[in-house]
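*Asks:* Below is the file data-v3.cif, with mmCIF, C-alpha atoms and all ligand atoms.
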data_target
#
loop_
_atom_site.label_atom_id
_atom_site.label_comp_id
_atom_site.auth_asym_id
_atom_site.auth_seq_id
_atom_site.Cartn_x
_atom_site.Cartn_y
_atom_site.Cartn_z
CA MET A 258 76.63 57.68 76.81
CA SER A 259 73.52 59.34 78.27
CA LYS A 260 70.25 57.51 77.88
CA LEU A 261 67.30 59.69 76.96
CA ALA A 262 63.59 58.99 76.76
CA VAL A 263 61.08 61.12 74.89
CA LEU A 264 57.46 61.59 76.00
CA ALA A 265 55.10 62.72 73.23
CA SER A 266 51.37 62.93 72.54
CA GLY A 267 51.24 63.95 68.90
CA SER A 268 53.06 64.01 65.61
CA GLY A 269 56.55 63.47 67.04
CA SER A 270 58.52 65.69 64.66
CA ASN A 271 60.72 66.88 67.54
CA PHE A 272 61.25 63.29 68.61
CA GLU A 273 62.40 62.40 65.11
CA ALA A 274 64.74 65.43 64.92
CA MET A 275 66.22 64.38 68.25
CA VAL A 276 66.78 60.78 67.10
CA HIS A 277 68.59 61.93 63.92
CA TYR A 278 70.72 64.43 65.84
CA PHE A 279 71.91 61.98 68.49
CA ARG A 280 72.52 59.19 65.98
CA GLN A 281 74.91 61.55 64.24
CA GLN A 282 76.52 63.06 67.34
CA ALA A 283 76.67 59.79 69.31
CA THR A 284 76.61 61.70 72.61
CA ALA A 285 73.31 60.17 73.76
CA ASP A 286 71.06 57.29 72.95
CA ILE A 287 67.30 57.72 72.66
CA VAL A 288 66.28 54.44 74.23
CA LEU A 289 62.53 54.90 74.52
CA LEU A 290 59.46 56.79 73.33
CA LEU A 291 56.45 56.82 75.64
CA SER A 292 53.06 58.21 74.73
CA ASP A 293 49.70 58.77 76.40
CA GLN A 294 47.99 58.47 72.97
CA PRO A 295 48.09 54.95 71.49
CA GLN A 296 47.07 56.27 68.04
CA ALA A 297 49.60 59.10 67.91
CA GLN A 298 51.82 59.52 64.85
CA CYS A 299 54.94 59.63 67.05
CA LEU A 300 54.54 55.86 67.56
CA ASN A 301 54.71 55.25 63.79
CA ARG A 302 57.85 57.33 63.66
CA ALA A 303 59.37 55.29 66.52
CA GLU A 304 58.66 52.08 64.65
CA ARG A 305 60.17 53.43 61.43
CA LEU A 306 63.24 54.68 63.32
CA GLY A 307 63.63 51.48 65.33
CA VAL A 308 63.19 53.15 68.73
CA PRO A 309 61.39 51.03 71.37
CA ALA A 310 58.03 52.60 72.21
CA ALA A 311 55.02 52.06 74.42
CA ALA A 312 51.71 53.85 74.91
CA GLN A 313 49.04 53.76 77.59
CA ARG A 314 45.90 55.82 78.08
CA VAL A 315 45.59 57.58 81.45
CA ARG A 316 41.94 56.52 81.61
CA ASP A 317 42.94 52.84 81.57
CA PHE A 318 44.56 53.31 85.01
CA PRO A 319 42.64 53.70 88.31
CA ASP A 320 44.07 57.22 88.71
CA LYS A 321 46.66 59.59 87.30
CA ASP A 322 49.32 58.57 89.80
CA SER A 323 49.10 54.89 88.76
CA TYR A 324 49.61 55.98 85.15
CA GLU A 325 52.60 58.06 86.20
CA ARG A 326 54.07 55.16 88.18
CA TRP A 327 53.89 53.13 84.95
CA ILE A 328 55.85 55.86 83.16
CA ARG A 329 58.39 56.16 85.99
CA ASP A 330 58.95 52.40 86.28
CA THR A 331 59.29 51.99 82.50
CA LEU A 332 61.87 54.79 82.42
CA LEU A 333 63.79 53.31 85.36
CA ASP A 334 63.71 49.81 83.79
CA SER A 335 65.49 51.29 80.76
CA ALA A 336 68.02 53.12 82.99
CA VAL A 337 67.00 56.47 81.49
CA ASP A 338 69.12 59.46 82.64
CA MET A 339 67.00 62.29 81.26
CA VAL A 340 63.46 62.79 80.02
CA VAL A 341 62.57 65.03 77.09
CA LEU A 342 58.98 66.20 76.67
CA ALA A 343 58.20 66.83 73.00
CA GLY A 344 54.58 67.75 72.52
CA TYR A 345 53.60 65.77 75.63
CA MET A 346 50.31 67.39 76.55
CA ARG A 347 50.13 66.48 80.26
CA LEU A 348 51.37 67.95 83.49
CA CYS A 349 54.09 65.98 85.28
CA GLY A 350 53.05 64.96 88.79
CA PRO A 351 55.15 64.41 91.91
CA THR A 352 55.94 60.76 91.07
CA LEU A 353 57.75 61.69 87.86
CA LEU A 354 59.21 64.96 89.14
CA GLN A 355 60.74 63.29 92.20
CA ALA A 356 62.18 60.38 90.20
CA PHE A 357 63.78 62.73 87.63
CA ASP A 358 64.42 65.84 89.68
CA HIS A 359 65.62 68.64 87.32
CA ARG A 360 66.12 66.02 84.61
CA ILE A 361 62.93 66.63 82.61
CA LEU A 362 62.99 69.28 79.87
CA ASN A 363 60.12 70.67 77.82
CA ILE A 364 59.78 72.69 74.64
CA HIS A 365 57.00 75.19 74.00
CA PRO A 366 56.04 77.02 70.79
CA ALA A 367 55.91 80.55 72.28
CA LEU A 368 58.02 82.93 74.32
CA LEU A 369 56.98 81.88 77.82
CA PRO A 370 55.50 83.05 80.09
CA SER A 371 53.26 84.24 77.24
CA PHE A 372 50.78 81.74 75.84
CA PRO A 373 51.31 78.57 77.90
CA GLY A 374 49.10 75.54 77.22
CA LYS A 375 47.98 73.55 74.22
CA HIS A 376 47.10 76.34 71.78
CA ALA A 377 50.08 78.68 71.98
CA VAL A 378 50.46 79.28 68.26
CA GLU A 379 46.78 80.11 67.67
CA GLN A 380 46.65 82.31 70.79
CA ALA A 381 49.76 84.27 69.79
CA LEU A 382 48.26 84.91 66.33
CA ASP A 383 44.86 85.87 67.78
CA TYR A 384 46.56 88.27 70.17
CA GLY A 385 48.36 89.94 67.27
CA VAL A 386 51.96 89.52 68.43
CA GLN A 387 54.62 90.38 65.85
CA VAL A 388 57.24 88.16 67.45
CA SER A 389 56.63 84.73 68.90
CA GLY A 390 59.22 82.03 69.44
CA VAL A 391 60.44 78.90 71.12
CA THR A 392 61.16 78.25 74.80
CA ILE A 393 63.06 75.30 76.26
CA HIS A 394 62.84 74.93 80.03
CA VAL A 395 63.26 72.60 82.98
CA VAL A 396 59.93 71.06 83.96
CA ASP A 397 58.24 71.72 87.29
CA GLU A 398 54.67 71.01 88.45
CA GLY A 399 53.13 73.90 86.48
CA MET A 400 51.88 74.12 82.92
CA ASP A 401 54.82 75.24 80.74
CA THR A 402 56.51 76.81 83.76
CA GLY A 403 59.94 76.07 85.21
CA PRO A 404 63.38 77.66 84.77
CA ILE A 405 64.08 78.76 81.21
CA LEU A 406 67.22 77.41 79.53
CA TYR A 407 66.85 78.86 76.04
CA GLN A 408 64.56 81.13 74.03
CA GLU A 409 64.65 82.11 70.41
CA PRO A 410 62.35 84.64 68.75
CA VAL A 411 60.43 83.72 65.60
CA PRO A 412 58.85 86.52 63.53
CA VAL A 413 55.13 86.57 62.76
CA PHE A 414 54.39 87.75 59.21
CA ALA A 415 51.25 89.39 57.86
CA GLY A 416 48.99 86.68 56.49
CA ASP A 417 50.41 83.97 58.75
CA THR A 418 48.04 81.14 59.59
CA PRO A 419 48.50 78.79 62.56
CA GLU A 420 49.99 76.31 60.08
CA THR A 421 52.57 78.68 58.54
CA LEU A 422 53.65 80.03 61.92
CA GLN A 423 53.82 76.52 63.44
CA LYS A 424 56.04 75.46 60.54
CA ARG A 425 58.44 78.39 61.09
CA ILE A 426 58.52 77.63 64.82
CA ALA A 427 59.02 73.90 64.22
CA SER A 428 62.17 74.49 62.18
CA VAL A 429 63.69 76.39 65.15
CA GLU A 430 62.52 73.66 67.53
CA HIS A 431 64.09 70.88 65.45
CA ARG A 432 67.39 72.77 65.18
CA MET A 433 67.68 73.85 68.81
CA TYR A 434 65.99 71.27 71.05
CA PRO A 435 68.59 68.50 70.56
CA ARG A 436 71.44 71.01 71.02
CA VAL A 437 70.01 72.42 74.26
CA VAL A 438 69.28 68.93 75.61
CA GLU A 439 72.87 67.92 74.84
CA ALA A 440 74.33 71.08 76.40
CA TYR A 441 72.20 70.49 79.50
CA PHE A 442 73.19 66.88 80.14
CA GLN A 443 76.83 67.72 79.43
CA GLY A 444 76.62 70.38 82.13
CA GLU A 445 77.39 73.21 79.70
CA VAL A 446 74.17 74.99 80.46
CA THR A 447 73.43 74.85 84.15
CA LEU A 448 70.72 76.90 85.78
CA LYS A 449 73.37 78.69 87.79
CA ALA A 450 75.27 79.58 84.65
CA ARG A 451 72.09 80.78 82.98
CA ARG A 452 71.35 83.11 85.89
CA ALA A 453 74.88 84.50 85.71
CA ILE A 454 74.53 85.03 81.96
CA TRP A 455 71.24 86.90 82.35
CA LYS A 456 72.66 89.05 85.12
CA GLU A 457 75.62 90.18 83.09
CA GLU A 458 74.38 90.08 79.55
CA PRO A 459 70.64 90.14 78.91
CA THR A 460 70.65 88.83 75.35
CA TRP A 461 68.86 86.16 73.37
CA ASP A 462 72.11 84.69 72.15
CA CYS A 463 73.29 82.31 74.83
CA GLY A 464 76.02 80.84 72.68
CA PHE A 465 74.81 77.43 71.53
C1 LIG A 501 55.72 71.40 69.41
O1 LIG A 501 55.53 72.60 68.69
C2 LIG A 501 55.90 71.69 70.89
O2 LIG A 501 56.57 72.89 71.13
C3 LIG A 501 54.47 71.75 71.36
O3 LIG A 501 53.84 70.71 70.70
C4 LIG A 501 54.43 70.56 69.40
C5 LIG A 501 54.73 69.09 69.19
O4 LIG A 501 55.10 68.85 67.86
N1 LIG A 501 54.36 71.65 72.78
C6 LIG A 501 53.47 72.30 73.51
O5 LIG A 501 52.60 72.99 73.04
C7 LIG A 501 53.63 72.13 75.01
N2 LIG A 501 52.71 72.97 75.70
P1 LIG A 501 55.71 67.44 67.45
O6 LIG A 501 54.79 66.37 68.02
O7 LIG A 501 55.68 67.44 65.95
O8 LIG A 501 57.10 67.35 68.00
#
Kindly return the structure encoded in the file as structure tokens.
*Replies:*
Amino acid sequence: MSKLAVLASGSGSNFEAMVHYFRQQATADIVLLLSDQPQAQCLNRAERLGVPAAAQRVRDFPDKDSYERWIRDTLLDSAVDMVVLAGYMRLCGPTLLQAFDHRILNIHPALLPSFPGKHAVEQALDYGVQVSGVTIHVVDEGMDTGPILYQEPVPVFAGDTPETLQKRIASVEHRMYPRVVEAYFQGEVTLKARRAIWKEEPTWDCGF
């Protein structure tokens, strides 16, 4: 069974959805939650769900690479196969990217490459888009960049606030993120296959 770790900085609702999904499917085990925010709500969820968790502030390390070596070594100690970023609000540096080459996925609450960064939902609303969405992609050194595995549109309605739109987006995230992670580690959605799909059939429905 694949061993997954989740990295999160905030509320951890995607982490919780992932734990429930894989406990039911039994195709992967979420063995660890790591956070860069010792007060984050995701840590309370981990405790309630019985998932081992640890948190360290970047500023308590001499530099960012030492912090990242702590993350890498903790992941390797738990024999983690794949890393899932779920509201982890930091860039991954070379230490983590080299240790888990093409094995780190991220989710973002917009249709990338539009509105990368920490305030995607607010920025999409401010811009006046009528369709936003969810993107799941392989992580590289950029901010919310890297090859896209899955996108799903989410409508924006008149009168939406950041909270109402975030809630609509979150329900898509909770439904799709575990499924895409599972398809990826089972080799059902490879980057090569995705490119072939886009070449032949440019559609949002990629068959999950
Ligand atoms: C999610 O909406 C995720 O897409 C977003 O943070 C939220 C975390 O929610 N990530 C980013 O904005 C990455 N740039 P959660 O802590 O409840 O899972």
*Asks:* Could you check which of A:Cys349, A:Leu382, A:Ala367, A:Met258 is closest to Val337 of chain A, using all atoms listed in the file?
*Replies:*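 Counting all atoms listed in the file, the residue closest to Val337 of chain A is A:Met258.
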*Asks:* Which residue is closest to ligand LIG 501 (chain A)? Choose from A:Val378, A:Leu290, A:Val413, A:Val386 and count only C-alpha atoms and all ligand atoms.
*Replies:* A:Val378
*Asks:* Just want the residues within 8 Å of ligand LIG 501 (chain A), written as a ChimeraX atom specification, counting all atoms listed in the file.
*Replies:* /A:265-273,299,343-346,363-367,373-377,391-392,400-401,423,426-427,430
*Asks:* Here is a test: counting all atoms listed in the file, which residue of A:Thr421, A:Ser428, A:Ser335, A:Ser323 is nearest to Ile287 of chain A?
*Replies:*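 Among A:Thr421, A:Ser428, A:Ser335, A:Ser323, it is A:Ser335 that comes nearest to Ile287 of chain A.
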*Asks:* From the set A:Val308, A:Glu445, A:Ala356, A:Leu291, which residue has the shortest atom-to-atom contact distance to Asp338 of chain A, counting all atoms listed in the file?
*Replies:*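 Of A:Val308, A:Glu445, A:Ala356, A:Leu291, the one nearest Asp338 of chain A, counting all atoms listed in the file, is A:Ala356.
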*Asks:* So how many Å separate atom CA of Tyr324 of chain A and atom CA of Gly399 of chain A, to one decimal?
*Replies:*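 Rounded to one decimal, the two atoms are 18.3 Å apart.
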*Asks:* Which of these residues is nearest to Val288 of chain A, using all atoms listed in the file: A:Pro319, A:Ala336, A:Asp383, A:Met433?
*Replies:* A:Ala336
